[in-house]
Amino acid sequence: MTVTQEDIERGLRELGLGQNSHVLVHSSYKAFGGVEGGPATVARALAGSFATLMMPAFASHRSAVWDERGLFENNAYPAAPPEGWDISQAEPFTYDTPANPTMGIINETFRREYDGARSANPMMSFVAYGALADELCGAGTDVDAVEPIRRLMEAAGQVLLLGVTHTNSTAIHLAEQLAGREQFVRYAMTPDGVRMAMSGGCGNPFDDLQPHVQHLERRVQVGGSTLRCYDLQSYVETARRLIEDDPEALLCAATKSCSRCDAHRSRVPV
Ligand SMILES: CC(C)(COP(=O)(O)OP(=O)(O)OC[C@H]1O[C@@H](n2cnc3c(N)ncnc32)[C@H](O)[C@@H]1OP(=O)(O)O)[C@@H](O)C(=O)NCCC(=O)NCCS
Ligand SMILES: [Zn+2]
């Protein structure tokens, strides 16, 4: 069954989202299993249904730099670049840098077609369109990657997982930060040269959050895609309390030897 723009709009309304909503969306196009008009239809349905739409448009695949300080100052990632890499391959991050394809085709379509605002963290930028676009993604968003999400939370925003799970939910990195988990540091090429930027860690274990946020969840099915929506403040607060109560929460098991989760683990105060 091919999904139409009206099907998506109806699903969003069933989730209680509308023209007063400010929404962060993480997406999968393929999860719908076919949309009339392609990814542009989904972008149009989202951008037209809310007061503000925000999506990740991370560009680290182009801007990341390995310099003498290492890619990650706190050694959570290998300091050595991939074989054959040299600094001439790093592109300065600008407003127009395409999003990493791992953000999904809906996000890149939205970035291209809706001229709103883009946060300035050169590794992990967000694009926003609508009433609060400048407020969320404007000045002061160049260092802390999750600053736009913090601002969205303060504006009573929502997070919508469009056919994806919590593993790609950047708001959980905000919860980690609020719970006192040390933030990773990376370096990126910008028009002003190489700059430091805060960056998120590992999202692989984030589906462990699901039983704790189940009661907050509004859920609807549109074609093959499950849409799950949460009040951002409750969602982040739940994850923050979980980590504060248990420093091992939302980390890969120690037996998995995940360098990023192990780096967090090694910094837990004893
Ligand atoms: C990684 C991820 C994007 C993969 O999901 P996906 O649905 O496979 O990927 P996309 O949304 O990019 O959709 C890709 C499909 O769109 C299709 N497509 C692209 N442009 C199209 C067009 N104009 N018309 C029709 N189809 C098109 C592609 O052909 C591809 O399908 P194929 O693999 O069969 O060729 C998703 O799992 C995810 O993690 N999303 C969230 C990302 C995020 O927010 N990350 C931030 C925190 S880390
Ligand atoms: Zn991990």
# chains A, B, ... in the order shown; residues from 1 in each chain; ligands from 1
call {"tool": "residues_near_ligand", "arguments": {"ligand": "ligand 1", "cutoff": "7 Å", "atoms": "only C-alpha atoms and all ligand atoms", "output": "ChimeraX atom specification"}}
result
/A:26-31,38-39,56,101-106,164,168-170,203
call {"tool": "write_last_selection", "arguments": {"atoms": "N, CA and C atoms", "output": "short mmCIF file (atom, residue, chain, number, x, y, z; two decimals), in the first residue's frame"}}
result
data_model
loop_
_atom_site.label_atom_id
_atom_site.label_comp_id
_atom_site.auth_asym_id
_atom_site.auth_seq_id
_atom_site.Cartn_x
_atom_site.Cartn_y
_atom_site.Cartn_z
N HIS A 26 13.37 12.22 13.98
CA HIS A 26 14.39 11.29 13.45
C HIS A 26 13.64 10.33 12.53
N SER A 27 14.19 10.06 11.35
CA SER A 27 13.35 9.40 10.34
C SER A 27 14.01 8.27 9.58
N SER A 28 13.14 7.40 9.06
CA SER A 28 13.51 6.42 8.03
C SER A 28 12.47 6.52 6.92
N TYR A 29 12.91 6.71 5.71
CA TYR A 29 11.98 6.76 4.58
C TYR A 29 11.48 5.36 4.23
N LYS A 30 12.43 4.41 4.23
CA LYS A 30 12.08 3.06 3.80
C LYS A 30 11.03 2.41 4.69
N ALA A 31 10.99 2.83 5.96
CA ALA A 31 10.05 2.19 6.90
C ALA A 31 8.61 2.32 6.42
N GLY A 38 7.49 10.29 -3.08
CA GLY A 38 8.84 10.13 -2.53
C GLY A 38 9.09 10.91 -1.26
N PRO A 39 10.39 11.06 -0.88
CA PRO A 39 10.75 11.71 0.39
C PRO A 39 10.24 13.15 0.49
N PRO A 56 17.99 16.41 12.48
CA PRO A 56 19.45 16.41 12.44
C PRO A 56 19.95 16.41 10.99
N PRO A 101 24.42 10.92 4.75
CA PRO A 101 23.32 10.05 4.33
C PRO A 101 22.76 9.20 5.47
N THR A 102 23.53 9.00 6.53
CA THR A 102 23.01 8.22 7.67
C THR A 102 21.93 9.00 8.44
N MET A 103 21.72 10.26 8.11
CA MET A 103 20.61 11.01 8.73
C MET A 103 19.29 10.67 8.04
N GLY A 104 19.37 10.11 6.81
CA GLY A 104 18.17 9.73 6.07
C GLY A 104 17.83 10.73 4.98
N ILE A 105 17.17 10.22 3.95
CA ILE A 105 16.86 11.05 2.78
C ILE A 105 15.77 12.09 3.08
N ILE A 106 14.90 11.82 4.05
CA ILE A 106 13.86 12.82 4.38
C ILE A 106 14.53 14.07 4.96
N VAL A 164 11.94 4.81 13.30
CA VAL A 164 13.25 4.46 13.89
C VAL A 164 13.07 4.27 15.40
N ASN A 168 18.81 6.17 17.64
CA ASN A 168 19.19 7.39 16.91
C ASN A 168 18.59 8.64 17.53
N SER A 169 18.23 8.56 18.79
CA SER A 169 17.53 9.66 19.43
C SER A 169 18.54 10.55 20.17
N THR A 170 18.90 11.64 19.51
CA THR A 170 19.97 12.50 20.03
C THR A 170 19.61 13.14 21.37
N GLY A 203 25.03 5.50 20.68
CA GLY A 203 23.58 5.36 20.86
C GLY A 203 23.11 3.92 20.82
#
call {"tool": "select_by_dssp", "arguments": {"residues": "segment 65-209 of chain A", "states": "strand (DSSP E)", "output": "list in words"}}
result
Ala117, Arg118, Phe126, Val127, Ala128, Tyr129, Gly130, Gln158, Val159, Leu160, Leu161, Leu162, Phe184, Val185, Arg186, Tyr187, Ala188, Met189, Thr190, Gly193, Val194, Arg195, Met196, Ala197, Met198 and Ser199 of chain A
call {"tool": "write_last_selection", "arguments": {"atoms": "N, CA and C atoms", "output": "compact mmCIF listing (two decimals), in the first residue's frame"}}
result
# COMPACT_ATOMS: atom_id res chain seq x y z
N ALA A 117 16.75 27.56 9.50
CA ALA A 117 18.00 27.86 10.22
C ALA A 117 18.78 26.57 10.38
N ARG A 118 20.10 26.70 10.58
CA ARG A 118 20.93 25.52 10.82
C ARG A 118 21.86 25.82 11.96
N PHE A 126 21.76 20.80 13.40
CA PHE A 126 20.33 20.56 13.19
C PHE A 126 19.79 21.62 12.24
N VAL A 127 18.80 21.22 11.43
CA VAL A 127 18.10 22.20 10.60
C VAL A 127 16.70 22.36 11.15
N ALA A 128 16.20 23.60 11.11
CA ALA A 128 14.86 23.87 11.64
C ALA A 128 14.15 24.84 10.72
N TYR A 129 12.82 24.70 10.69
CA TYR A 129 11.99 25.55 9.84
C TYR A 129 10.72 25.87 10.60
N GLY A 130 10.31 27.13 10.56
CA GLY A 130 9.07 27.51 11.22
C GLY A 130 9.29 28.51 12.32
N GLN A 158 8.48 18.37 21.32
CA GLN A 158 8.20 16.93 21.26
C GLN A 158 9.30 16.25 20.46
N VAL A 159 9.48 14.95 20.70
CA VAL A 159 10.38 14.19 19.83
C VAL A 159 9.54 13.11 19.14
N LEU A 160 9.72 13.01 17.82
CA LEU A 160 8.97 12.05 17.01
C LEU A 160 9.96 11.10 16.34
N LEU A 161 9.81 9.80 16.64
CA LEU A 161 10.63 8.78 16.00
C LEU A 161 9.80 8.20 14.87
N LEU A 162 10.21 8.53 13.64
CA LEU A 162 9.43 8.19 12.44
C LEU A 162 10.03 6.93 11.82
N PHE A 184 32.02 14.07 24.69
CA PHE A 184 33.16 13.86 23.80
C PHE A 184 33.51 15.15 23.05
N VAL A 185 34.77 15.24 22.71
CA VAL A 185 35.26 16.42 22.00
C VAL A 185 35.82 15.97 20.65
N ARG A 186 35.45 16.68 19.60
CA ARG A 186 36.00 16.35 18.28
C ARG A 186 36.50 17.64 17.63
N TYR A 187 37.16 17.48 16.51
CA TYR A 187 37.67 18.62 15.75
C TYR A 187 37.10 18.59 14.35
N ALA A 188 36.81 19.78 13.82
CA ALA A 188 36.17 19.85 12.51
C ALA A 188 36.70 21.03 11.74
N MET A 189 36.65 20.90 10.42
CA MET A 189 37.06 21.99 9.54
C MET A 189 35.88 22.97 9.41
N THR A 190 36.20 24.26 9.58
CA THR A 190 35.19 25.31 9.38
C THR A 190 35.83 26.36 8.46
N GLY A 193 38.96 27.70 9.90
CA GLY A 193 40.01 26.76 10.28
C GLY A 193 39.48 25.66 11.17
N VAL A 194 40.39 24.85 11.74
CA VAL A 194 39.98 23.70 12.55
C VAL A 194 39.46 24.19 13.90
N ARG A 195 38.28 23.69 14.28
CA ARG A 195 37.65 24.10 15.53
C ARG A 195 37.26 22.89 16.35
N MET A 196 37.24 23.08 17.67
CA MET A 196 36.77 22.04 18.57
C MET A 196 35.24 22.08 18.62
N ALA A 197 34.62 20.92 18.72
CA ALA A 197 33.16 20.87 18.87
C ALA A 197 32.79 19.69 19.76
N MET A 198 31.84 19.92 20.67
CA MET A 198 31.34 18.81 21.50
C MET A 198 30.52 17.86 20.62
N SER A 199 30.54 16.60 20.99
CA SER A 199 29.88 15.61 20.15
C SER A 199 29.26 14.52 21.02
call {"tool": "residues_around", "arguments": {"residues": "Leu12 of chain A", "least_positions_apart": "4", "cutoff": "12 Å", "atoms": "only C-alpha atoms", "output": "ChimeraX atom specification"}}
result
/A:5-8,16-19,21,23,25,42,45-50,158,160-162,218-222,226-229
call {"tool": "residues_near_ligand", "arguments": {"ligand": "ligand 2", "cutoff": "9 Å", "atoms": "only C-alpha atoms and all ligand atoms", "output": "list in words"}}
result
Gly201, Cys202, Gly203, Asn204, Pro205, Leu250, Leu251, Cys252, Ala253, Ala254, Lys256, Ser257, Cys258, Ser259, Arg260, Cys261 and Asp262 of chain A
call {"tool": "atom_distance", "arguments": {"atom1": "atom CA of Leu132 of chain A", "atom2": "atom CA of Glu154 of chain A"}}
result
11.6 Å
call {"tool": "select_by_dssp", "arguments": {"residues": "segment 24-256 of chain A", "states": "alpha helix (DSSP H)", "output": "JSON, numbers by chain"}}
result
{"A": [39, 40, 41, 42, 43, 44, 45, 46, 47, 48, 49, 60, 61, 62, 63, 105, 106, 107, 108, 109, 110, 111, 112, 113, 133, 134, 135, 136, 137, 147, 148, 149, 150, 151, 152, 153, 154, 171, 172, 173, 174, 175, 176, 177, 178, 210, 211, 212, 213, 232, 233, 234, 235, 236, 237, 238, 239, 240, 241, 242, 243, 244, 245]}
call {"tool": "closest_residue", "arguments": {"among": "A:Leu53, A:Ala43, A:Val213, A:Gln183", "to": "Pro148 of chain A", "atoms": "only C-alpha atoms"}}
result
A:Leu53
call {"tool": "atom_distance", "arguments": {"atom1": "atom CA of Ala131 of chain A", "atom2": "atom CA of Thr4 of chain A"}}
result
25.6 Å
call {"tool": "closest_residue", "arguments": {"among": "A:Asp96, A:Asp142, A:Asp208, A:Glu135", "to": "Ala155 of chain A", "atoms": "only C-alpha atoms"}}
result
A:Glu135
call {"tool": "closest_residue", "arguments": {"among": "A:Val65, A:Met153, A:Ala57, A:Val3", "to": "Thr94 of chain A", "atoms": "only C-alpha atoms"}}
result
A:Ala57
call {"tool": "atom_distance", "arguments": {"atom1": "atom CA of Met123 of chain A", "atom2": "atom CA of Ser60 of chain A"}}
result
4.3 Å
call {"tool": "residues_around", "arguments": {"residues": "Ala99 of chain A", "least_positions_apart": "6", "cutoff": "6 Å", "atoms": "only C-alpha atoms", "output": "MDAnalysis selection string"}}
result
chainID A and resid 57:59 108
